Number of protein chains: 2
Amino acid sequence: MSPTPEWVMVGGEGPESYKQHSSYQRDLLKAAKDKINAVISTNLSLNLISNRFSVADFGCASGPNTFVAVQNIIDAVEEKYLRETGQNPDDNIEFQVLFNDLSNNDFNTLFQGLPSGRRYYSAAIPGSFFDRVLPKHSIHIGVMNYAFQFTSKIPKGISDRNSPLWNRDMHCTGFNNKVKKAYLDQFSLDSKNILDARAEELVPEGLMLLLGSCLRDGIKMSETYRGIVLDLIGASLNDLAQQGVIEKDKVESFNITLYIAEEGELRQIIEENGKFTIEAFEDIIQPNGESLDPKILAVSLKSAFGGILSAHFGAEAMMKAFELVEAKAHQEFSRLQNAKPTMQYLIVLRKN
Amino acid sequence: MSPTPEWVMVGGEGPESYKQHSSYQRDLLKAAKDKINAVISTNLSLNLISNRFSVADFGCASGPNTFVAVQNIIDAVEEKYLRETGQNPDDNIEFQVLFNDLSNNDFNTLFQGLPSGRRYYSAAIPGSFFDRVLPKHSIHIGVMNYAFQFTSKIPKGISDRNSPLWNRDMHCTGFNNKVKKAYLDQFSLDSKNILDARAEELVPEGLMLLLGSCLRDGIKMSETYRGIVLDLIGASLNDLAQQGVIEKDKVESFNITLYIAEEGELRQIIEENGKFTIEAFEDIIQPNGESLDPKILAVSLKSAFGGILSAHFGAEAMMKAFELVEAKAHQEFSRLQNAKPTMQYLIVLRKN
C-alpha cells in the first residue's frame with residue numbers, strides 16, 4: 001500500500017490508524033474471497049502445490065487486511081488440494097507468507113497483529129515492490145491489494161508551475177490530456193517494473209493476483225466517487241491557501257502518486273509486458289459500497305491520506321483540511337451519490 | 001538474543017540501546033571472521049552453493065551485530081565459491097538473509113539499519129527459536145550469536161522460596177549443585193528443541209554456527225568475569241531491598257534465563273541429540289577482552305540487562321542498581337581482574 005515513503009500508512013492501532021479504518025478494503029476482501037477460491041481452483045496447477053507453498057503480499061501495510069487476503073489464498077489452495085488429491089493439506093503442505101512493504105513500514109505492528117491460529121510461517125520482506133525484493137522462483141502466488149494503483153513518483157513536470165505538464169489538481173482528474181498522458185506513462189513504466197520483478201520471483205506457472213480499482217474505459221477519474229473525494233481534498237487545500245494557513249505554492253505543487261487506470265490501459269500494459277497471461281479480469285461487486293456519511297468519509301480519508309498531507313503541509317493544516325472536507329462532503333452529497341462507479345477488479349495473471 | 005519477551009534488548013538508537021553497546025560482541029565477531037572463513041571453506045559442501053543461498057540468524061536482536069555476522073558468512077561462502085569454481089559469485093548466487101527474533105523484537109530498527117551496499121535479499125522472521133520458525137529445508141547456514149546460552153524459562157522451583165531448588169542468587173553461580181542441575185536440565189531440554197527445529201529447517205548437509213560463551217570444564221560461573229558481574233548486580237539488588245527501595249521478595253524470586261554451560265555439557269547435549277555432527281569446537285581469542293572500566297561496564301551491562309531489571313523492579317530501581325554496580329565494580333576491581341576466563345566458542349555443526 002505504500003510504494004513511496006510518504007505513502008506509508010498511519011501505523012499503530014490508534015483511532016485514526018490505517019489499521020482501524022481500512023474497512024472498505026476489508027469488505028472488498030470478503031467479497032473477493034469466493035472469486036479467489038474460484039480462480040485458484042481453475043488456474044493454479046496442482047503440481048505447484050508441494051510440501052512448501054509460499055504466498056507473498058506486496059504492499060501489505062501494517063495489517064490487518066493483509067491477514068485476510070493471504071488467508072483467503074491459503075484456504076483456496078488447501079481446498080483445491082484436498083478436493084483433487086483427497087489428502088489432508090495440514091499433513092503435507094507447509095505454507096510460508098511473505099509480507100512485503102517499504103523498509104519504513106510498521107512491521108512491528110504487523111507482527112503484533114499476526115493471527116494466533118495461523119497455520120503458516122511468517123516473514124517480513126522490506127523493500128520497494130517496484131524492484132526485486134525476493135530471490136528468483138521463491139513464491140507460488142503473489143498478491144497486491146490496492147497497491148498496483150500507485151506510481152513510484154510524481155511524473156516529471158506535473159508539480160512544476162512553469163512546465164506545460166503542470167497539474168493544477170492534486171491528482172489525475174482525467175480532464176487534462178497532457179497530465180493524463182504523463183501519469184499513464186509513469187504508471188506504465190512502474191507497472192512493467194512490477195511485472196518484471198514478480199515474473200522473476202514467481203515459480204514457473206505461478207500466479208499473481210491483483211486487487212484494485214480501475215475506471216471503465218472512457219470514464220474520467222473526477223466523475224467517480226473517489227475522484228470527487230480527491231477533488232474535495234484539493235478544494236479544501238485551496239481554501240486553506242486562500243486563508244493563508246498554508247502556502248499557495250505548496251498547494252499548487254502538491255500531487256499524489258495515485259493513478260487509477262482504465263480497464264483497457266491495464267490490459268494493454270500487461271499484454272505489452274508479455275511476462276504473464278491474463279487468466280481472469282473480474283469485477284468484484286462490493287455489497288456495501290463506499291460510505292457516503294461525510295463524517296465516516298472524512299475519518300477514513302484521513303487514515304489513507306493524512307500521512308501524505310501531514311508530510312507536505314504539517315499536521316495542523318492536515319486536520320483543518322479534513323474538517324473542510326467533511327463540510328464539503330455535506331454540500332456535495334448529491335454529486336457523490338450520483339458519481340459514476342469505479343470497477344473493483346480481481347486480475348489473475350499466470351506467469352508465462 | 002531475546003528468547004523470552006523480557007529479554008528483548010533495548011531497541012532504538014539511544015545512547016543506552018543495545019545497538020550502541022553491543023561492542024564486545026562486535027569485537028568478537030571480528031575475531032571470529034577468520035575462523036568462520038576457515039570452517040566454511042572446510043565444512044560447507046560446494047554442491048550446496050547453487051543459485052539461491054539462504055542464511056538465517058536466530059536471535060538477531062535489532063542490529064547491528066547481526067549484519068556483521070551474516071556478512072562474514074556470505075563473504076566466506078563467496079570466497080569458497082570463487083576459489084573452487086573460478087566463477088564470480090555475483091553472477092550466479094542470490095543470497096537471502098533471514099533475521100529471526102521474537103515477534104516483539106524491534107524489527108523496524110533492524111530494517112532501518114540494513115547496510116546500504118548489501119548484496120542479499122532480507123527477511124524478518126518473527127518467533128521463538130526454541131520452536132520451528134521456517135519451512136523445512138529452507139536454509140543453508142544458520143547462526144546463533146550469543147543466543148544459544150539462554151533458556152526458554154526459569155527452571156521450575158528456582159524462583160520459589162519454599163522449594164528445595166530455590167536459588168538465592170539471580171543466576172546459576174555454579175556453587176549450588178541442585179540449582180546447577182535444574183538449570184542444566186532446562187538448558188538441555190531447550191537446546192535439544194533448538195537443534196531439532198534447526199535440523200528440520202536446514203537443507204541436508206547444512207551448517208549451524210554457534211557463537212557464544214561457555215565455561216571450561218570444572219570452572220564455576222561465579223569464578224569468571226561475567227559471573228562476578230552478575231553477582232555484583234545481585235548484590236546491588238539486595239542493597240536496594242535493604243534500603244526499602246524494592247521488595248525483598250521480588251529480589252529473592254528474581255532469576256535470569258541465562259545458563260553458561262561447560263564445554264563438556266555442550267558436547268554431550270549435541271551428541272545426545274544426534275541430529276548434527278560437531279565439525280569444529282573452537283576458542284575465539286578476543287584481542288581486547290572484556291572492559292574493566294567500571295563506567296563502561298555499568299553502561300554496557302545496562303544495555304544487556306536493563307530491560308529485564310526494569311520489567312521486574314521498575315525503571316528507577318534499575319537505574320539505581322546500575323549506579324551501585326559501578327561502585328561495586330570499583331571495589332572489586334582486583335577480583336574482576338583475576339577472574340578465571342570463559343571460553344568464547346565457535347561451534348560448527350553439520351546436519352546429519
# chains A, B, ... in the order shown; residues from 1 in each chain; ligands from 1
$ residues_around --residues "region 83-95 of chain A" --least-positions-apart "4" --cutoff "12 Å" --atoms "only C-alpha atoms" --output "NGL selection string"
(:A and (41-42 or 44-56 or 70-71 or 73-79 or 118-123 or 139-141)) or (:B and (132-138 or 201))
$ closest_residue --among "B:Arg267, B:Lys340, B:Lys275, B:Lys180" --to "Ile194 (chain B)" --atoms "only C-alpha atoms"
B:Lys275
$ closest_residue --among "B:Gln242, B:Thr66, B:Asn104, B:Gln337" --to "chain A" --atoms "only C-alpha atoms"
B:Asn104
$ select_by_dssp --residues "region 213-242 of chain A" --states "strand (DSSP E or B)" --output "JSON, numbers by chain"
{"A": [213, 214, 215, 224]}
$ closest_residue --among "A:Phe254, A:Arg335, A:Ala31, A:Lys178" --to "Ala311 (chain A)" --atoms "only C-alpha atoms"
A:Phe254
$ residues_around --residues "Tyr345 (chain B)" --least-positions-apart "5" --cutoff "10 Å" --atoms "only C-alpha atoms" --output "PyMOL selection string"
chain B and resi 28+32+146+209-215+263+280-285
$ write_last_selection --atoms "N, CA and C atoms" --output "compact mmCIF listing (two decimals), in the first residue's frame"
# COMPACT_ATOMS: atom_id res chain seq x y z
N LEU B 28 34.09 -9.51 19.10
CA LEU B 28 34.18 -10.97 18.99
C LEU B 28 33.89 -11.43 17.58
N ALA B 32 36.04 -13.53 15.07
CA ALA B 32 35.52 -14.80 14.56
C ALA B 32 35.58 -14.90 13.04
N TYR B 146 25.58 -15.65 20.46
CA TYR B 146 25.35 -15.42 21.89
C TYR B 146 23.86 -15.52 22.23
N LEU B 209 26.13 -22.61 12.82
CA LEU B 209 27.27 -22.00 13.51
C LEU B 209 26.78 -21.42 14.84
N LEU B 210 27.39 -21.85 15.91
CA LEU B 210 27.02 -21.32 17.23
C LEU B 210 28.19 -20.52 17.77
N LEU B 211 27.93 -19.25 18.05
CA LEU B 211 28.93 -18.41 18.72
C LEU B 211 28.39 -18.09 20.10
N GLY B 212 29.24 -18.22 21.11
CA GLY B 212 28.77 -17.93 22.46
C GLY B 212 29.86 -18.10 23.49
N SER B 213 29.44 -18.05 24.75
CA SER B 213 30.38 -18.24 25.86
C SER B 213 30.12 -19.59 26.50
N CYS B 214 31.18 -20.27 26.90
CA CYS B 214 31.00 -21.44 27.75
C CYS B 214 32.10 -21.44 28.80
N LEU B 215 31.92 -22.31 29.77
CA LEU B 215 32.92 -22.47 30.83
C LEU B 215 33.82 -23.63 30.48
N GLU B 263 31.96 -26.68 28.58
CA GLU B 263 32.25 -27.21 27.24
C GLU B 263 31.76 -28.65 27.10
N ALA B 280 33.56 -28.61 14.29
CA ALA B 280 34.59 -27.79 14.92
C ALA B 280 34.04 -27.26 16.24
N PHE B 281 34.93 -27.09 17.20
CA PHE B 281 34.57 -26.52 18.50
C PHE B 281 35.77 -25.69 18.90
N GLU B 282 35.77 -24.44 18.50
CA GLU B 282 36.99 -23.64 18.61
C GLU B 282 36.85 -22.51 19.61
N ASP B 283 38.00 -22.09 20.08
CA ASP B 283 38.08 -20.99 21.03
C ASP B 283 38.43 -19.72 20.25
N ILE B 284 37.56 -18.74 20.32
CA ILE B 284 37.87 -17.47 19.65
C ILE B 284 38.61 -16.60 20.64
N ILE B 285 39.83 -16.29 20.33
CA ILE B 285 40.56 -15.41 21.25
C ILE B 285 40.17 -13.97 20.94
$ residues_around --residues "Glu252 (chain A)" --least-positions-apart "5" --cutoff "9 Å" --atoms "only C-alpha atoms" --output "PyMOL selection string"
chain A and resi 159-161+166-170+238+247
$ residues_around --residues "Lys156 (chain B)" --least-positions-apart "2" --cutoff "10 Å" --atoms "only C-alpha atoms" --output "PyMOL selection string"
chain B and resi 153-154+158-160+163+165-166+182-183+186
$ select_by_dssp --residues "region 224-315 of chain B" --states "alpha helix (DSSP H)" --output "PyMOL selection string"
chain B and resi 225-242+248-252+263-273+294-313+315
$ atom_distance --atom1 "CA of Asn72 (chain A)" --atom2 "CA of Val143 (chain A)"
11.0 Å
